[in-house]
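Undergrad: Structure below; questions to follow.
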Amino acid sequence: MSRALVRPLDNLTTSCYNRFAMFFQKIETKRKSAYAAEQLISAIKNGVYKAGDKLPSERELAKQMGISRPLIREALSALHLAGIIESRPGDGTYIRKNVRNGRIEAQVLSILEGDVHPVEVLEARKSLEEGIAKLAAEKANTEDLKRIERALTQEEKAAKERDYDNYVKSDRDFHLAIAAASHNSLLEAAVRPLIKIMGQELWGGMDLLYLFNDQGIKQTLDEHRRIFDAIRQRNVTLAVEAVRRHLNRSKERFLGDSKEGQ
């Protein structure tokens, strides 16, 4: 851990905001989400936040540390994966357990240091999947359409049952089925690792922490249904627009451009 991340506290009985403002420092490093996670862990280790305490909002954390909300989301997602915090829909983020050893901290940092940034993945996918949707609308055969619809049906079933693992799997299967329906092996090979990267730890943590909620699920399923309908109708324009809108909105949901969590 970097030196001087922790400042002495004059009074631990002050308000949550004052405790927080006195403790965290602005970050000036190349891997800001990792240092944000370190500061949060330091706060928990030093008793600023204890098990059961509610953390400040993303916006407040970002303001105090001088970084963007997406970077705060990365840090919080890593802490969530390590079991340190939990999200309570409609309420906020709470400390789940105290941090007493370095293994958990090492786990958090390894999660943060090993992944491609999700925004980069979404931008790359958008560039490829718009063209894939166009070809799928033109070339998809009966078996292709059955495969896409089967994945969508499984995704809807998993969402209804709150089965996160199968929801993520069927989400990937849906996009991979569309890629296969393009009947272009180069495009399919290019997009496959970008879709599968959704299963990596950091991405999965953010998906579970921020998107696996009633609003996020409904939006995603509606967008997927529009994509499938456009491909089935062989409407190239609508298919491309539906994919563009879906991935743009996925990026917005990740970046927090909607009003939740403010």
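How things are named: the first chain in the structure tokens is A, the next is B, and so on; residues count from 1 in each chain; ligands count from 1 in the order shown.
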Extract, using only C-alpha atoms, all DNA, RNA and protein residues at most 8 Å from Leu55 in chain A, discarding same-chain residues fewer than 5 positions from it, and format them as an NGL selection string.

TA: :A and (49 or 92-95)

Undergrad: Contacts of Asn141 in chain A at 12 Å or less, counting only C-alpha atoms, minus same-chain residues fewer than 2 places along, as an NGL selection string?

TA: :A and (135-139 or 143-148 or 177-178 or 180-183 or 231-234)

Undergrad: Pick the closest to Glu120 in chain A from A:Asn46, A:Ile197, A:Glu86, A:Ile227: which is it, counting only C-alpha atoms?

TA: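 Answer, going by the shortest atom-to-atom distance: A:Ile197.
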
Undergrad: Fewer than 6 positions away in the same chain doesn't count, so skip those; otherwise give me all residues within 12 Å of Asp173 in chain A, counting only C-alpha atoms, as a compact mmCIF listing (two decimals) with C-alpha atoms, in the first residue's frame.

TA:
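File produced: part-v9.txt:
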# COMPACT_ATOMS: atom_id res chain seq x y z
CA ARG A 147 -30.61 -20.17 -31.80
CA ILE A 148 -30.96 -16.44 -31.14
CA GLU A 149 -34.51 -16.81 -29.85
CA ARG A 150 -33.54 -19.75 -27.63
CA ALA A 151 -30.80 -17.67 -25.98
CA LEU A 152 -33.20 -14.77 -25.47
CA THR A 153 -35.83 -17.06 -23.94
CA GLN A 154 -33.23 -18.49 -21.55
CA GLU A 155 -32.12 -14.98 -20.64
CA ASN A 166 -27.48 -18.22 -16.20
CA TYR A 167 -28.53 -14.65 -16.99
CA ALA A 179 -22.41 -13.20 -34.53
CA ALA A 180 -22.79 -16.73 -35.91
CA ARG A 192 -16.13 -13.54 -29.66
CA ILE A 195 -18.29 -10.88 -25.68
CA LYS A 196 -16.67 -13.57 -23.55
CA MET A 198 -18.00 -10.13 -19.90
CA GLY A 199 -17.35 -13.18 -17.75
CA HIS A 224 -32.42 -7.59 -26.90

Undergrad: Mind giving me the straight-line distance from CA of Lys160 in chain A to CA of Val121 in chain A in Å, one decimal?

TA: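 One can read the CA of Lys160 in chain A to CA of Val121 in chain A distance as 27.0 Å.
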
Undergrad: Could you please determine the separation between CA of Lys54 in chain A and CA of Ala75 in chain A in Å, to one decimal place?

TA: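 According to the coordinates, CA of Lys54 in chain A and CA of Ala75 in chain A are separated by 15.8 Å.
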
Undergrad: What does the distance from CA of Leu128 in chain A to CA of Asn184 in chain A come to in Å, to one decimal?

TA: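 It comes out at 11.7 Å.
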
Undergrad: Which one of A:Ala140, A:Ala133, A:Ala124, A:Ile217 sits closest to Glu161 in chain A if you count only C-alpha atoms?

TA: A:Ile217

Undergrad: Hey, which of A:Ala36, A:Asp91, A:Ser250, A:Thr237 ends up closest to Gln64 in chain A? Count only C-alpha atoms.

TA: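 The answer is A:Ala36, which sits nearest to Gln64 in chain A.
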
Undergrad: So which residues touch Glu223 in chain A within 9 Å, counting only C-alpha atoms, skipping near sequence neighbours fewer than 5 positions away, as a PyMOL selection string?

TA: chain A and resi 218+228+242-243+245-246

Undergrad: Let's have the selection written as a PDB file, in the first residue's frame, with N, CA and C atoms.

TA:
ATOM      1  N   LYS A 218     -34.805  -5.120 -17.133  1.00  0.00           N
ATOM      2  CA  LYS A 218     -35.911  -4.810 -18.047  1.00  0.00           C
ATOM      3  C   LYS A 218     -35.402  -4.083 -19.286  1.00  0.00           C
ATOM      4  N   PHE A 228     -33.570  -8.793 -31.824  1.00  0.00           N
ATOM      5  CA  PHE A 228     -34.027 -10.050 -32.421  1.00  0.00           C
ATOM      6  C   PHE A 228     -35.166  -9.815 -33.408  1.00  0.00           C
ATOM      7  N   ALA A 242     -30.875  -0.867 -33.462  1.00  0.00           N
ATOM      8  CA  ALA A 242     -31.176  -1.523 -32.184  1.00  0.00           C
ATOM      9  C   ALA A 242     -29.894  -1.921 -31.453  1.00  0.00           C
ATOM     10  N   VAL A 243     -28.913  -2.431 -32.197  1.00  0.00           N
ATOM     11  CA  VAL A 243     -27.630  -2.784 -31.582  1.00  0.00           C
ATOM     12  C   VAL A 243     -26.911  -1.532 -31.100  1.00  0.00           C
ATOM     13  N   ARG A 245     -28.191   1.310 -30.189  1.00  0.00           N
ATOM     14  CA  ARG A 245     -28.878   1.842 -29.010  1.00  0.00           C
ATOM     15  C   ARG A 245     -28.584   0.981 -27.777  1.00  0.00           C
ATOM     16  N   HIS A 246     -28.588  -0.327 -27.955  1.00  0.00           N
ATOM     17  CA  HIS A 246     -28.338  -1.229 -26.828  1.00  0.00           C
ATOM     18  C   HIS A 246     -26.950  -1.010 -26.233  1.00  0.00           C
TER      19      HIS A 246
END

Undergrad: Would you mind writing down, as an mmCIF file with C-alpha atoms, in the first residue's frame, each residue of range 23-198 of chain A that DSSP on the backbone assigns to helix (DSSP H, G or I)?

TA:
data_model
loop_
_atom_site.group_PDB
_atom_site.id
_atom_site.type_symbol
_atom_site.label_atom_id
_atom_site.label_comp_id
_atom_site.auth_asym_id
_atom_site.auth_seq_id
_atom_site.Cartn_x
_atom_site.Cartn_y
_atom_site.Cartn_z
ATOM 1 C CA PHE A 23 -9.837 10.412 5.616
ATOM 2 C CA LYS A 32 -6.625 5.306 -9.970
ATOM 3 C CA SER A 33 -9.248 2.650 -9.317
ATOM 4 C CA ALA A 34 -6.673 0.517 -7.467
ATOM 5 C CA TYR A 35 -5.698 3.410 -5.231
ATOM 6 C CA ALA A 36 -9.354 4.226 -4.642
ATOM 7 C CA ALA A 37 -9.830 0.639 -3.477
ATOM 8 C CA GLU A 38 -6.773 0.946 -1.230
ATOM 9 C CA GLN A 39 -8.193 4.061 0.407
ATOM 10 C CA LEU A 40 -11.542 2.381 1.002
ATOM 11 C CA ILE A 41 -9.830 -0.659 2.515
ATOM 12 C CA SER A 42 -7.687 1.625 4.685
ATOM 13 C CA ALA A 43 -10.820 3.353 5.940
ATOM 14 C CA ILE A 44 -12.329 0.018 6.918
ATOM 15 C CA LYS A 45 -9.110 -1.243 8.525
ATOM 16 C CA GLU A 58 -20.553 7.223 -5.741
ATOM 17 C CA ARG A 59 -20.799 10.916 -6.503
ATOM 18 C CA GLU A 60 -19.435 11.888 -3.085
ATOM 19 C CA LEU A 61 -16.627 9.335 -3.231
ATOM 20 C CA ALA A 62 -15.644 10.547 -6.698
ATOM 21 C CA LYS A 63 -15.671 14.180 -5.555
ATOM 22 C CA GLN A 64 -13.507 13.567 -2.494
ATOM 23 C CA MET A 65 -10.966 11.411 -4.327
ATOM 24 C CA ARG A 69 -17.580 7.794 -11.023
ATOM 25 C CA PRO A 70 -16.685 4.906 -13.383
ATOM 26 C CA LEU A 71 -13.346 4.528 -11.569
ATOM 27 C CA ILE A 72 -15.169 4.521 -8.232
ATOM 28 C CA ARG A 73 -17.467 1.858 -9.671
ATOM 29 C CA GLU A 74 -14.446 -0.273 -10.583
ATOM 30 C CA ALA A 75 -13.090 0.008 -7.045
ATOM 31 C CA LEU A 76 -16.452 -0.762 -5.437
ATOM 32 C CA SER A 77 -17.012 -3.705 -7.769
ATOM 33 C CA ALA A 78 -13.678 -5.229 -6.758
ATOM 34 C CA LEU A 79 -14.584 -4.805 -3.076
ATOM 35 C CA HIS A 80 -17.956 -6.397 -3.809
ATOM 36 C CA LEU A 81 -16.302 -9.408 -5.455
ATOM 37 C CA GLY A 102 -3.615 -8.520 3.606
ATOM 38 C CA ARG A 103 -4.937 -11.415 1.541
ATOM 39 C CA ILE A 104 -8.248 -9.706 0.868
ATOM 40 C CA GLU A 105 -6.499 -6.492 -0.103
ATOM 41 C CA ALA A 106 -4.217 -8.402 -2.488
ATOM 42 C CA GLN A 107 -7.266 -10.081 -4.010
ATOM 43 C CA VAL A 108 -8.965 -6.729 -4.607
ATOM 44 C CA LEU A 109 -5.887 -5.230 -6.254
ATOM 45 C CA SER A 110 -5.341 -8.275 -8.444
ATOM 46 C CA ILE A 111 -8.920 -8.007 -9.712
ATOM 47 C CA LEU A 112 -8.428 -4.347 -10.593
ATOM 48 C CA GLU A 113 -5.050 -4.776 -12.255
ATOM 49 C CA PRO A 118 -15.277 -2.238 -19.643
ATOM 50 C CA VAL A 119 -15.832 0.996 -21.593
ATOM 51 C CA GLU A 120 -13.121 -0.062 -24.050
ATOM 52 C CA VAL A 121 -14.864 -3.409 -24.469
ATOM 53 C CA LEU A 122 -18.228 -1.756 -25.142
ATOM 54 C CA GLU A 123 -16.715 0.664 -27.658
ATOM 55 C CA ALA A 124 -14.980 -2.154 -29.526
ATOM 56 C CA ARG A 125 -18.121 -4.271 -29.475
ATOM 57 C CA LYS A 126 -20.192 -1.401 -30.844
ATOM 58 C CA SER A 127 -17.831 -0.985 -33.790
ATOM 59 C CA LEU A 128 -18.070 -4.675 -34.664
ATOM 60 C CA GLU A 129 -21.615 -5.606 -33.693
ATOM 61 C CA GLU A 130 -23.330 -2.968 -35.802
ATOM 62 C CA GLY A 131 -21.824 -4.592 -38.902
ATOM 63 C CA ILE A 132 -22.626 -8.048 -37.550
ATOM 64 C CA ALA A 133 -26.278 -7.063 -37.029
ATOM 65 C CA LYS A 134 -26.475 -5.838 -40.623
ATOM 66 C CA LEU A 135 -25.168 -9.141 -41.972
ATOM 67 C CA ALA A 136 -27.336 -11.185 -39.602
ATOM 68 C CA ALA A 137 -30.450 -9.361 -40.818
ATOM 69 C CA GLU A 138 -29.441 -10.183 -44.379
ATOM 70 C CA LYS A 139 -28.161 -13.745 -43.957
ATOM 71 C CA THR A 142 -34.103 -20.548 -39.779
ATOM 72 C CA GLU A 143 -31.627 -22.326 -37.501
ATOM 73 C CA ASP A 144 -29.845 -19.060 -36.747
ATOM 74 C CA LEU A 145 -33.110 -17.420 -35.713
ATOM 75 C CA LYS A 146 -34.014 -20.383 -33.504
ATOM 76 C CA ARG A 147 -30.614 -20.175 -31.799
ATOM 77 C CA ILE A 148 -30.956 -16.437 -31.139
ATOM 78 C CA GLU A 149 -34.512 -16.809 -29.847
ATOM 79 C CA ARG A 150 -33.536 -19.747 -27.629
ATOM 80 C CA ALA A 151 -30.802 -17.669 -25.981
ATOM 81 C CA LEU A 152 -33.202 -14.769 -25.474
ATOM 82 C CA THR A 153 -35.827 -17.061 -23.940
ATOM 83 C CA GLN A 154 -33.230 -18.488 -21.548
ATOM 84 C CA GLU A 155 -32.120 -14.979 -20.639
ATOM 85 C CA GLU A 156 -35.696 -13.949 -19.842
ATOM 86 C CA LYS A 157 -36.202 -17.109 -17.768
ATOM 87 C CA ALA A 158 -32.992 -16.539 -15.792
ATOM 88 C CA ALA A 159 -33.945 -12.926 -15.138
ATOM 89 C CA LYS A 160 -37.360 -13.959 -13.848
ATOM 90 C CA TYR A 164 -27.442 -14.353 -12.187
ATOM 91 C CA ASP A 165 -25.037 -16.981 -13.559
ATOM 92 C CA ASN A 166 -27.479 -18.221 -16.199
ATOM 93 C CA TYR A 167 -28.525 -14.652 -16.986
ATOM 94 C CA VAL A 168 -24.940 -13.721 -17.843
ATOM 95 C CA LYS A 169 -24.412 -16.949 -19.802
ATOM 96 C CA SER A 170 -27.571 -16.517 -21.868
ATOM 97 C CA ASP A 171 -26.701 -12.844 -22.467
ATOM 98 C CA ARG A 172 -23.386 -13.956 -23.976
ATOM 99 C CA ASP A 173 -25.104 -16.754 -25.918
ATOM 100 C CA PHE A 174 -27.526 -14.225 -27.403
ATOM 101 C CA HIS A 175 -24.765 -12.016 -28.788
ATOM 102 C CA LEU A 176 -22.681 -14.989 -29.939
ATOM 103 C CA ALA A 177 -25.698 -16.432 -31.778
ATOM 104 C CA ILE A 178 -26.122 -13.154 -33.648
ATOM 105 C CA ALA A 179 -22.414 -13.197 -34.526
ATOM 106 C CA ALA A 180 -22.788 -16.731 -35.906
ATOM 107 C CA ALA A 181 -25.836 -15.604 -37.900
ATOM 108 C CA SER A 185 -16.039 -16.073 -39.739
ATOM 109 C CA LEU A 186 -13.667 -13.110 -39.410
ATOM 110 C CA LEU A 187 -16.220 -10.888 -37.675
ATOM 111 C CA GLU A 188 -17.344 -13.755 -35.468
ATOM 112 C CA ALA A 189 -13.753 -14.499 -34.444
ATOM 113 C CA ALA A 190 -13.095 -10.811 -33.745
ATOM 114 C CA VAL A 191 -16.134 -10.231 -31.542
ATOM 115 C CA ARG A 192 -16.126 -13.541 -29.656
ATOM 116 C CA PRO A 193 -13.373 -12.608 -27.131
ATOM 117 C CA LEU A 194 -15.000 -9.216 -26.555
ATOM 118 C CA ILE A 195 -18.293 -10.880 -25.675
ATOM 119 C CA LYS A 196 -16.665 -13.566 -23.545
ATOM 120 C CA ILE A 197 -14.690 -10.974 -21.585
ATOM 121 C CA MET A 198 -18.001 -10.128 -19.904
#

Undergrad: Write out as a PyMOL selection string all residues of range 73-195 of chain A that DSSP puts in strand (DSSP E or B) for this structure's backbone.

TA: chain A and resi 85-88+92-95

Undergrad: Would you output that residue set with N, CA and C atoms, as an mmCIF file, in the first residue's frame?

TA:
data_model
loop_
_atom_site.group_PDB
_atom_site.id
_atom_site.type_symbol
_atom_site.label_atom_id
_atom_site.label_comp_id
_atom_site.auth_asym_id
_atom_site.auth_seq_id
_atom_site.Cartn_x
_atom_site.Cartn_y
_atom_site.Cartn_z
ATOM 1 N N ILE A 85 -18.087 -5.477 0.610
ATOM 2 C CA ILE A 85 -19.266 -4.615 0.610
ATOM 3 C C ILE A 85 -20.426 -5.336 -0.053
ATOM 4 N N GLU A 86 -21.625 -4.800 0.146
ATOM 5 C CA GLU A 86 -22.809 -5.328 -0.516
ATOM 6 C C GLU A 86 -23.694 -4.166 -0.930
ATOM 7 N N SER A 87 -24.412 -4.367 -2.017
ATOM 8 C CA SER A 87 -25.336 -3.350 -2.512
ATOM 9 C C SER A 87 -26.748 -3.713 -2.097
ATOM 10 N N ARG A 88 -27.466 -2.731 -1.551
ATOM 11 C CA ARG A 88 -28.864 -2.924 -1.187
ATOM 12 C C ARG A 88 -29.706 -2.061 -2.115
ATOM 13 N N GLY A 92 -28.375 1.697 -0.937
ATOM 14 C CA GLY A 92 -26.988 2.121 -1.038
ATOM 15 C C GLY A 92 -26.030 0.962 -0.874
ATOM 16 N N THR A 93 -24.772 1.295 -0.610
ATOM 17 C CA THR A 93 -23.718 0.300 -0.466
ATOM 18 C C THR A 93 -23.255 0.258 0.979
ATOM 19 N N TYR A 94 -23.176 -0.946 1.532
ATOM 20 C CA TYR A 94 -22.856 -1.129 2.945
ATOM 21 C C TYR A 94 -21.611 -1.999 3.122
ATOM 22 N N ILE A 95 -20.899 -1.750 4.221
ATOM 23 C CA ILE A 95 -19.770 -2.595 4.579
ATOM 24 C C ILE A 95 -20.314 -3.926 5.081
#
